[in-house]
Structure formats: C-alpha cells, structure tokens
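What's in data07.cif: mmCIF, C-alpha atoms
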```cif
data_structure
loop_
_atom_site.label_atom_id
_atom_site.label_comp_id
_atom_site.auth_asym_id
_atom_site.auth_seq_id
_atom_site.Cartn_x
_atom_site.Cartn_y
_atom_site.Cartn_z
CA LEU A 6 78.48 121.41 77.13
CA ILE A 7 78.73 117.64 77.42
CA THR A 8 80.47 117.46 74.04
CA TYR A 9 83.20 119.89 75.12
CA PRO A 10 86.50 117.94 75.36
CA LYS A 11 87.45 119.45 78.72
CA VAL A 12 84.27 118.11 80.34
CA VAL A 13 85.61 114.81 81.64
CA ALA A 14 82.76 113.57 83.85
CA ILE A 15 79.05 113.67 84.62
CA GLY A 16 78.09 114.19 88.22
CA GLU A 17 77.72 114.03 90.88
CA VAL A 18 74.54 112.11 90.12
CA GLY A 19 72.86 109.25 91.91
CA LEU A 20 70.26 108.29 94.48
CA ASP A 21 69.40 109.71 97.89
CA LYS A 22 66.85 108.30 100.35
CA HIS A 23 67.93 110.33 103.35
CA GLU A 24 65.18 112.18 105.23
CA TYR A 25 66.56 115.73 105.28
CA GLN A 26 65.12 117.89 108.05
CA ASN A 27 66.07 121.27 106.60
CA THR A 28 65.00 121.74 103.00
CA LYS A 29 63.61 124.59 100.94
CA TYR A 30 61.04 122.29 99.31
CA GLU A 31 57.67 122.44 101.08
CA LYS A 32 56.38 119.14 99.67
CA TYR A 33 59.61 117.21 100.15
CA VAL A 34 58.94 113.58 101.03
CA VAL A 35 60.93 110.40 100.40
CA ASP A 36 58.33 108.05 98.92
CA ASN A 37 58.19 105.57 96.04
CA GLN A 38 57.32 108.28 93.53
CA PHE A 39 60.34 110.35 94.56
CA ILE A 40 62.69 107.34 94.49
CA ASN A 41 61.40 106.15 91.12
CA ALA A 42 61.94 109.63 89.68
CA GLN A 43 65.54 109.54 90.90
CA LYS A 44 66.06 106.09 89.40
CA ALA A 45 64.72 107.22 86.03
CA LEU A 46 67.00 110.26 86.01
CA LEU A 47 70.03 108.19 87.01
CA THR A 48 69.32 105.76 84.19
CA GLU A 49 69.40 108.61 81.69
CA GLN A 50 72.54 110.08 83.26
CA ILE A 51 74.31 106.72 83.01
CA LYS A 52 73.24 106.57 79.38
CA LEU A 53 74.70 110.04 78.77
CA ALA A 54 78.01 109.10 80.39
CA ILE A 55 78.36 106.00 78.25
CA THR A 56 77.15 107.64 75.04
CA TYR A 57 79.52 110.60 75.37
CA LYS A 58 82.36 108.56 76.89
CA LYS A 59 82.49 110.52 80.13
CA SER A 60 83.38 109.32 83.60
CA LEU A 61 80.64 109.14 86.23
CA ILE A 62 80.64 110.57 89.77
CA LEU A 63 78.07 108.63 91.79
CA HIS A 64 76.20 109.94 94.81
CA ASN A 65 74.62 107.39 97.13
CA ARG A 66 72.99 108.06 100.47
CA GLU A 67 71.03 105.25 102.05
CA ALA A 68 70.15 103.91 98.59
CA LYS A 69 72.70 101.13 98.15
CA LYS A 70 70.23 98.54 96.85
CA GLU A 71 68.85 100.82 94.15
CA ILE A 72 72.18 102.18 92.96
CA LEU A 73 73.73 98.72 92.67
CA GLU A 74 70.70 97.57 90.67
CA ALA A 75 71.34 100.44 88.26
CA LEU A 76 75.00 99.49 87.85
CA ILE A 77 74.81 95.69 87.80
CA LYS A 78 73.63 95.36 84.19
CA PRO A 79 76.52 93.73 82.28
CA ALA A 80 76.72 96.41 79.58
CA VAL A 81 76.70 99.20 82.18
CA ALA A 82 79.25 97.55 84.46
CA LYS A 83 81.58 96.89 81.54
CA ALA A 84 81.28 100.41 80.16
CA LEU A 85 81.89 102.11 83.52
CA ALA A 86 84.78 99.92 84.69
CA GLY A 87 87.60 102.26 85.65
CA LYS A 88 85.46 105.29 84.77
CA ALA A 89 83.19 105.71 87.80
CA VAL A 90 83.64 106.65 91.45
CA PHE A 91 81.49 106.17 94.54
CA HIS A 92 81.76 109.77 95.68
CA CYS A 93 82.15 110.19 99.45
CA CYS A 94 81.54 106.47 99.70
CA GLU A 95 79.45 105.17 102.57
CA PRO A 96 81.41 102.73 104.79
CA ASP A 97 79.63 99.69 103.42
CA PHE A 98 81.47 96.50 102.49
CA GLU A 99 78.88 95.43 99.93
CA LEU A 100 79.65 98.65 98.05
CA LEU A 101 83.36 97.96 98.43
CA ASN A 102 83.07 94.39 97.12
CA PHE A 103 81.08 95.68 94.15
CA ALA A 104 83.70 98.36 93.52
CA ILE A 105 86.51 95.81 93.60
CA LYS A 106 84.69 93.43 91.26
CA TYR A 107 83.75 96.11 88.70
CA HIS A 108 86.70 98.48 89.21
CA ILE A 109 84.83 101.48 90.57
CA TYR A 110 86.88 104.01 92.50
CA ILE A 111 86.20 104.83 96.15
CA GLY A 112 86.10 108.53 97.06
CA VAL A 113 87.27 109.50 100.53
CA ASP A 114 86.78 112.95 102.04
CA GLY A 115 87.73 114.97 105.10
CA ASP A 116 85.27 113.13 107.33
CA VAL A 117 87.65 110.17 107.40
CA THR A 118 89.72 112.19 109.89
CA PHE A 119 86.96 112.07 112.51
CA ASN A 120 84.62 109.22 111.52
CA GLN A 121 85.84 105.95 113.05
CA GLU A 122 83.54 103.80 110.92
CA LYS A 123 85.00 105.31 107.76
CA GLN A 124 88.50 104.86 109.11
CA GLU A 125 87.98 101.11 109.50
CA PHE A 126 86.39 101.00 106.05
CA ILE A 127 89.24 102.84 104.31
CA LYS A 128 91.75 100.38 105.76
CA LYS A 129 90.12 97.71 103.56
CA VAL A 130 90.05 99.73 100.32
CA PRO A 131 92.74 98.68 97.80
CA LEU A 132 95.08 101.57 97.16
CA ASP A 133 94.57 101.32 93.41
CA LEU A 134 90.87 102.21 93.90
CA LEU A 135 91.29 105.14 96.27
CA VAL A 136 90.76 108.77 95.26
CA LEU A 137 90.80 111.83 97.53
CA GLU A 138 88.02 114.44 97.49
CA THR A 139 87.05 117.68 99.22
CA ASP A 140 83.24 117.59 98.76
CA SER A 141 83.50 121.36 99.00
CA PRO A 142 82.22 123.42 100.70
CA TYR A 143 81.75 120.93 103.54
CA LEU A 144 83.46 117.87 105.07
CA LEU A 145 86.51 119.77 106.26
CA PRO A 146 89.19 117.50 107.72
CA ARG A 147 90.06 117.56 111.40
CA PRO A 148 92.75 118.34 112.58
CA PRO A 149 95.28 119.99 112.16
CA ARG A 150 94.56 123.32 113.70
CA LYS A 151 94.96 126.61 111.95
CA PRO A 152 97.77 128.88 113.18
CA ALA A 153 96.92 130.80 116.34
CA CYS A 154 94.92 133.93 115.71
CA TRP A 155 97.19 136.91 116.38
CA ARG A 156 94.24 138.99 117.58
CA CYS A 157 92.63 136.60 120.06
CA GLY A 158 95.65 134.43 120.81
CA ARG A 159 93.81 131.13 120.42
CA SER A 160 93.78 128.38 117.82
CA GLU A 161 90.84 127.73 115.55
CA LEU A 162 89.85 124.29 114.36
CA LEU A 163 89.95 123.87 110.61
CA ARG A 164 86.39 122.57 110.85
CA SER A 165 84.95 125.93 111.82
CA LYS A 166 82.67 128.23 109.88
CA LYS A 167 85.60 130.55 109.29
CA ALA A 168 87.42 127.77 107.43
CA TYR A 169 84.65 127.17 104.90
CA PRO A 170 84.56 126.57 102.01
CA ASN A 171 86.69 123.45 101.88
CA LYS A 172 89.58 123.83 99.44
CA PRO A 173 91.68 121.47 97.29
CA GLU A 174 94.73 122.36 99.40
CA ASN A 175 93.14 120.35 102.23
CA ILE A 176 93.57 117.16 100.20
CA LYS A 177 97.11 116.91 101.55
CA ILE A 178 95.68 116.73 105.10
CA ILE A 179 93.51 113.77 104.09
CA ALA A 180 96.47 112.10 102.38
CA LYS A 181 98.64 112.47 105.47
CA PHE A 182 95.90 111.11 107.73
CA ILE A 183 95.30 108.06 105.51
CA ALA A 184 99.03 107.38 105.36
CA GLN A 185 99.17 107.31 109.16
CA LEU A 186 95.95 105.29 109.38
CA CYS A 187 97.13 102.62 106.94
CA GLY A 188 100.80 102.64 107.93
CA GLN A 189 101.96 103.73 104.48
CA PRO A 190 104.40 106.45 103.38
CA VAL A 191 102.52 109.67 102.66
CA ASP A 192 104.36 110.01 99.33
CA LEU A 193 102.95 106.64 98.26
CA ILE A 194 99.40 107.74 99.13
CA LYS A 195 99.86 110.98 97.19
CA GLU A 196 101.36 109.20 94.19
CA LYS A 197 98.75 106.43 93.96
CA THR A 198 95.68 108.61 94.56
CA THR A 199 96.92 111.15 92.02
CA GLU A 200 97.49 108.36 89.51
CA ASN A 201 93.99 107.01 90.20
CA ALA A 202 92.41 110.44 89.74
CA LYS A 203 94.18 110.86 86.41
CA LYS A 204 92.97 107.46 85.24
CA LEU A 205 89.43 108.23 86.39
CA PHE A 206 89.00 111.74 85.02
CA PHE A 207 91.41 111.70 82.11
CA CYS A 208 90.76 108.14 80.97
CA ASN A 209 89.55 109.47 77.62
CA LEU A 210 92.98 110.96 77.02
CA ILE A 211 94.94 108.04 78.49
CA TYR A 212 93.09 105.21 76.78
CA GLY A 213 92.05 107.01 73.60
CA PHE A 214 88.28 106.57 73.91
CA GLY A 215 87.43 109.08 71.22
CA ALA A 216 89.09 112.04 72.92
CA THR A 217 91.07 112.72 69.76
CA LYS A 218 90.90 111.46 66.20
CA THR A 219 94.24 109.75 66.74
CA GLY A 220 93.01 108.07 69.92
CA GLU A 221 89.80 106.88 68.26
CA LYS A 222 91.75 105.53 65.30
CA GLN A 223 94.07 103.62 67.64
CA LEU A 224 91.10 102.14 69.49
CA GLN A 225 89.42 101.10 66.24
CA GLN A 226 92.60 99.32 65.16
CA LYS A 227 92.51 97.35 68.43
CA GLN A 228 88.80 96.65 68.79
CA GLY A 229 87.22 97.51 65.46
CA PRO A 230 84.94 100.49 64.67
CA LEU A 231 82.92 101.87 67.57
CA ASN A 232 79.16 101.57 67.17
CA MET A 233 77.88 103.49 70.18
CA ASN A 234 74.24 103.37 69.08
CA ALA A 235 74.30 99.58 69.05
CA PHE A 236 76.15 99.53 72.35
CA VAL A 237 73.70 101.85 74.13
CA ASN A 238 70.79 99.77 72.82
CA GLN A 239 72.21 96.82 74.75
CA LEU A 240 71.52 98.68 77.98
CA GLN A 241 67.75 98.26 77.55
CA LEU A 242 67.11 101.74 78.91
CA PRO A 243 63.66 103.34 78.70
CA LYS A 244 63.24 105.86 75.90
#
```
Just give me the structure of the file as structure tokens.
Amino acid sequence: LITYPKVVAIGEVGLDKHEYQNTKYEKYVVDNQFINAQKALLTEQIKLAITYKKSLILHNREAKKEILEALIKPAVAKALAGKAVFHCCEPDFELLNFAIKYHIYIGVDGDVTFNQEKQEFIKKVPLDLLVLETDSPYLLPRPPRKPACWRCGRSELLRSKKAYPNKPENIKIIAKFIAQLCGQPVDLIKEKTTENAKKLFFCNLIYGFGATKTGEKQLQQKQGPLNMNAFVNQLQLPK
C-alpha cells in the first residue's frame, strides 16, 4: 500500500506518554519499556516515510522531549522539512520554535474554539505553517450552534454526541474562528491553509520527488541521481 501513488503520507504516528484511564488493554502501563517500544516504532516509521518519499503526520502527547530527539538528527530534519506536521499540536513554544526552524507544519483542530491556551498559541504560529484538521471523530468545534430542532424547539451545540463524527465541512468553522482570533480576513486563512495542506500532502507532485518519471528526471537534473539507500544509511537507524 505504501508504494501506491495516492498514498501521500504515513500517520498519524508518534509518541504518547499520557496515562489513559479508560483503555481496553488490561496490562496498560506507561513505563520505560512501553516508551522505548514507541520510540523504536517511530524510528522505523520515519525511515519508511523518508525511504518512500511520503509526508509524515506526527502525534505527540506529553512526549515532547522524545519526539524532538527523534527529529533533530540532521538527515531526518532535512528530509522532513516541509513534509511533516505536528498533528493537533500541543500549545508548546519549544515545539513551535522547532517547527519554525525545521519547517514542520502546525495542525490546529476544533479545540482551538474553546481552549484558551491553544488560542494564545495559535496567535504565534506563522500563517505559512498552519494547517487545519478535524481529528475526526472528536474535537468538534464550538460554536456555532446547529439550527433549532423542529421537534423540541431548542438548539443543540455542535459539540454534542448527536453531532459526531466530526466532518471536513467543520473546517470552515475553525477557519472563521482563527480569522477572528488573529484579526485576519477569513478568505486569507482559507487560502493559506489550503495552500499549506497542498504543499504538505501533495509535495511529491509539486516538487517532483519521484512521484512521476518526469518529476524524478527533473529532480535528478537539478540535484543529481537519487541514492536513497545511501541517504537512509546516514540516519544511523537500528536494523
């Protein structure tokens, strides 16, 4: 499946150190063994993304230190520049500074409409790094309200069980909210975030990284023949 041209990204993948209370796994525990297993898997997933020239959707929850360590290697950072996103990014300015330095996109979801910490964070994100997400089925934006129910005569919040799953059509609600939050025209937010998403997920087609024979030939003329085996070996990843 990963070799199929319409598969544009790997993910979401990443690291998670959150202590979940409700889980189907009886022996679930966040310990060093569990974290090391996640790190090993992420290393291989990064290797896959680079080897097959796919973009990378990164999940991080309370594991900033470990995920930045995985991305800071020069060969990794260079390969993923403009081709990775911090999905549903935590409002952390160390993550933002890293994203700015290495051109990693910042994903923002419906929770920005009700999370004040994320609102202050998003104000600092450069518009050319911002992409909008649903994180379906959850993270519904709030408000606006749904039209009044003709049966009961009362409004229902979009963030209700009846509104799940979250849908791509709700992206426009997030765009409008961010426009108001940042004092920008909503059309500008729509235009820039759409452009960013195209660059992120269709970068193979835009920049010619082996998506077609013509694209690969053009890249070789600019940079010489691609030797992906030699490049991946630079990453010093465990076999």
* Excluding same-chain residues fewer than 5 positions from Asn65 in chain A, what lies within 10 Å of it counting all atoms listed in the file, as a list in words? ->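 In the requested format, the answer is Glu17, Val18, Gly19, Leu20, Asp21, Lys22, His23, Lys70, Glu71, Ile72, Leu73, Phe91, His92, Cys93, Cys94 and Glu95 of chain A.
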Go ahead and dump the residues you just picked, C-alpha atoms, as a PDB file, in the frame of the given file.
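Final output, result-v2.pdb:
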```
ATOM      1  CA  GLU A  17      77.720 114.030  90.880  1.00  0.00           C
ATOM      2  CA  VAL A  18      74.540 112.110  90.120  1.00  0.00           C
ATOM      3  CA  GLY A  19      72.860 109.250  91.910  1.00  0.00           C
ATOM      4  CA  LEU A  20      70.260 108.290  94.480  1.00  0.00           C
ATOM      5  CA  ASP A  21      69.400 109.710  97.890  1.00  0.00           C
ATOM      6  CA  LYS A  22      66.850 108.300 100.350  1.00  0.00           C
ATOM      7  CA  HIS A  23      67.930 110.330 103.350  1.00  0.00           C
ATOM      8  CA  LYS A  70      70.230  98.540  96.850  1.00  0.00           C
ATOM      9  CA  GLU A  71      68.850 100.820  94.150  1.00  0.00           C
ATOM     10  CA  ILE A  72      72.180 102.180  92.960  1.00  0.00           C
ATOM     11  CA  LEU A  73      73.730  98.720  92.670  1.00  0.00           C
ATOM     12  CA  PHE A  91      81.490 106.170  94.540  1.00  0.00           C
ATOM     13  CA  HIS A  92      81.760 109.770  95.680  1.00  0.00           C
ATOM     14  CA  CYS A  93      82.150 110.190  99.450  1.00  0.00           C
ATOM     15  CA  CYS A  94      81.540 106.470  99.700  1.00  0.00           C
ATOM     16  CA  GLU A  95      79.450 105.170 102.570  1.00  0.00           C
TER      17      GLU A  95
END
```
* Please check which residues have atoms at most 8 Å from (82.0, 102.5, 85.6) in the file's coordinates, counting only C-alpha atoms, and write them as a PyMOL selection string. => chain A and resi 60-61+76+81-90+107-109
* Structure fact -> Shortest contact to Glu99 in chain A, candidates A:Val13, A:Val113, A:Val130, A:Val34, atoms counted only C-alpha atoms, goes to A:Val130
* **the PyMOL selection byres ((chain A and resi 41) around 12) resolved against shown file, as a list in words** => Gly19, Leu20, Asp21, Lys22, Val35, Asp36, Asn37, Gln38, Phe39, Ile40, Ala42, Gln43, Lys44, Ala45, Leu46, Leu47, Thr48, Ala68, Glu71, Ile72 and Ala75 of chain A
* Grab the CA of Pro146 in chain A to CA of Ile178 in chain A distance for me, in Å with one decimal place. => 7.0 Å
* Structure fact -> Atom pair CA of Gly16 in chain A + CA of Leu53 in chain A, distance 10.9 Å
Work out where the centre of an axis-aligned box around every listed atom of range 123-127 of chain A lies and how long its edges are once 6 Å is added on each side; give both in Å to one decimal as JSON.
```
{"center_x": 87.1, "center_y": 103.2, "center_z": 106.9, "size_x": 16.2, "size_y": 16.3, "size_z": 17.2}
```
* Asked: Closest to Glu200 in chain A among A:Asp140, A:Lys181, A:Leu135, A:Gly188, using only C-alpha atoms?
  ->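 So, comparing all the options, the nearest one is A:Leu135.
Considering the residues A:Ile77, A:Leu186, A:Ala202, A:Ala180 and counting only C-alpha atoms, Asp133 in chain A has its shortest atom-to-atom contact with A:Ala202.
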* Structure fact -> From the list A:Ile183, A:Glu67, A:Pro173, A:Gly112, the nearest residue to Gln124 in chain A using all atoms listed in the file is A:Ile183
* **Distance criterion (only C-alpha atoms): nearest to Lys195 in chain A out of A:Phe182, A:Phe207, A:Phe126, A:Tyr30** => A:Phe182
* Compare A:Arg147, A:Lys177, A:Lys204, A:Lys128 by their minimum atom-to-atom distance to Phe98 in chain A, counting all atoms listed in the file, and give me the closest one. =>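 The answer is A:Lys128, which sits nearest to Phe98 in chain A.
Straight-line separation from CA of Leu205 in chain A to CA of Ala104 in chain A: 13.5 Å.
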* To do: Output the residue selection produced by the PyMOL selection byres ((chain A and resi 141) around 10) on the file above, formatted as number ranges by chain.
  => A: 114-115, 138-140, 142-145, 169-173
Supply range 105-119 of chain A as a PDB file, in the frame of the given file, with N, CA, C and O atoms built in where the input has gaps.
```
ATOM      1  N   ILE A 105      85.341  96.632  93.931  1.00  0.00           N
ATOM      2  CA  ILE A 105      86.510  95.810  93.600  1.00  0.00           C
ATOM      3  C   ILE A 105      86.219  94.935  92.385  1.00  0.00           C
ATOM      4  O   ILE A 105      87.045  94.820  91.474  1.00  0.00           O
ATOM      5  N   LYS A 106      85.041  94.338  92.357  1.00  0.00           N
ATOM      6  CA  LYS A 106      84.690  93.430  91.260  1.00  0.00           C
ATOM      7  C   LYS A 106      84.588  94.167  89.929  1.00  0.00           C
ATOM      8  O   LYS A 106      85.042  93.662  88.895  1.00  0.00           O
ATOM      9  N   TYR A 107      84.015  95.385  89.953  1.00  0.00           N
ATOM     10  CA  TYR A 107      83.750  96.110  88.700  1.00  0.00           C
ATOM     11  C   TYR A 107      84.661  97.320  88.512  1.00  0.00           C
ATOM     12  O   TYR A 107      84.418  98.144  87.631  1.00  0.00           O
ATOM     13  N   HIS A 108      85.689  97.418  89.309  1.00  0.00           N
ATOM     14  CA  HIS A 108      86.700  98.480  89.210  1.00  0.00           C
ATOM     15  C   HIS A 108      86.048  99.869  89.219  1.00  0.00           C
ATOM     16  O   HIS A 108      86.167 100.656  88.275  1.00  0.00           O
ATOM     17  N   ILE A 109      85.373 100.149  90.318  1.00  0.00           N
ATOM     18  CA  ILE A 109      84.830 101.480  90.570  1.00  0.00           C
ATOM     19  C   ILE A 109      85.657 102.105  91.687  1.00  0.00           C
ATOM     20  O   ILE A 109      85.952 101.457  92.697  1.00  0.00           O
ATOM     21  N   TYR A 110      86.044 103.347  91.508  1.00  0.00           N
ATOM     22  CA  TYR A 110      86.880 104.010  92.500  1.00  0.00           C
ATOM     23  C   TYR A 110      86.078 104.370  93.753  1.00  0.00           C
ATOM     24  O   TYR A 110      84.861 104.560  93.701  1.00  0.00           O
ATOM     25  N   ILE A 111      86.789 104.468  94.869  1.00  0.00           N
ATOM     26  CA  ILE A 111      86.200 104.830  96.150  1.00  0.00           C
ATOM     27  C   ILE A 111      86.682 106.222  96.541  1.00  0.00           C
ATOM     28  O   ILE A 111      87.888 106.446  96.710  1.00  0.00           O
ATOM     29  N   GLY A 112      85.747 107.166  96.668  1.00  0.00           N
ATOM     30  CA  GLY A 112      86.100 108.530  97.060  1.00  0.00           C
ATOM     31  C   GLY A 112      86.103 108.677  98.567  1.00  0.00           C
ATOM     32  O   GLY A 112      85.161 108.267  99.244  1.00  0.00           O
ATOM     33  N   VAL A 113      87.173 109.267  99.095  1.00  0.00           N
ATOM     34  CA  VAL A 113      87.270 109.500 100.530  1.00  0.00           C
ATOM     35  C   VAL A 113      87.501 110.987 100.781  1.00  0.00           C
ATOM     36  O   VAL A 113      88.278 111.633 100.079  1.00  0.00           O
ATOM     37  N   ASP A 114      86.802 111.509 101.785  1.00  0.00           N
ATOM     38  CA  ASP A 114      86.780 112.950 102.040  1.00  0.00           C
ATOM     39  C   ASP A 114      87.302 113.263 103.443  1.00  0.00           C
ATOM     40  O   ASP A 114      87.749 112.373 104.168  1.00  0.00           O
ATOM     41  N   GLY A 115      87.185 114.528 103.828  1.00  0.00           N
ATOM     42  CA  GLY A 115      87.730 114.970 105.100  1.00  0.00           C
ATOM     43  C   GLY A 115      87.119 114.312 106.318  1.00  0.00           C
ATOM     44  O   GLY A 115      87.730 114.275 107.386  1.00  0.00           O
ATOM     45  N   ASP A 116      85.905 113.756 106.172  1.00  0.00           N
ATOM     46  CA  ASP A 116      85.270 113.130 107.330  1.00  0.00           C
ATOM     47  C   ASP A 116      85.993 111.868 107.793  1.00  0.00           C
ATOM     48  O   ASP A 116      85.753 111.388 108.907  1.00  0.00           O
ATOM     49  N   VAL A 117      86.893 111.341 106.972  1.00  0.00           N
ATOM     50  CA  VAL A 117      87.650 110.170 107.400  1.00  0.00           C
ATOM     51  C   VAL A 117      88.551 110.516 108.597  1.00  0.00           C
ATOM     52  O   VAL A 117      88.940 109.634 109.369  1.00  0.00           O
ATOM     53  N   THR A 118      88.850 111.790 108.784  1.00  0.00           N
ATOM     54  CA  THR A 118      89.720 112.190 109.890  1.00  0.00           C
ATOM     55  C   THR A 118      89.014 112.193 111.231  1.00  0.00           C
ATOM     56  O   THR A 118      89.676 112.294 112.268  1.00  0.00           O
ATOM     57  N   PHE A 119      87.678 112.075 111.229  1.00  0.00           N
ATOM     58  CA  PHE A 119      86.960 112.070 112.510  1.00  0.00           C
ATOM     59  C   PHE A 119      85.854 111.020 112.593  1.00  0.00           C
ATOM     60  O   PHE A 119      85.193 110.898 113.622  1.00  0.00           O
TER      61      PHE A 119
END
```
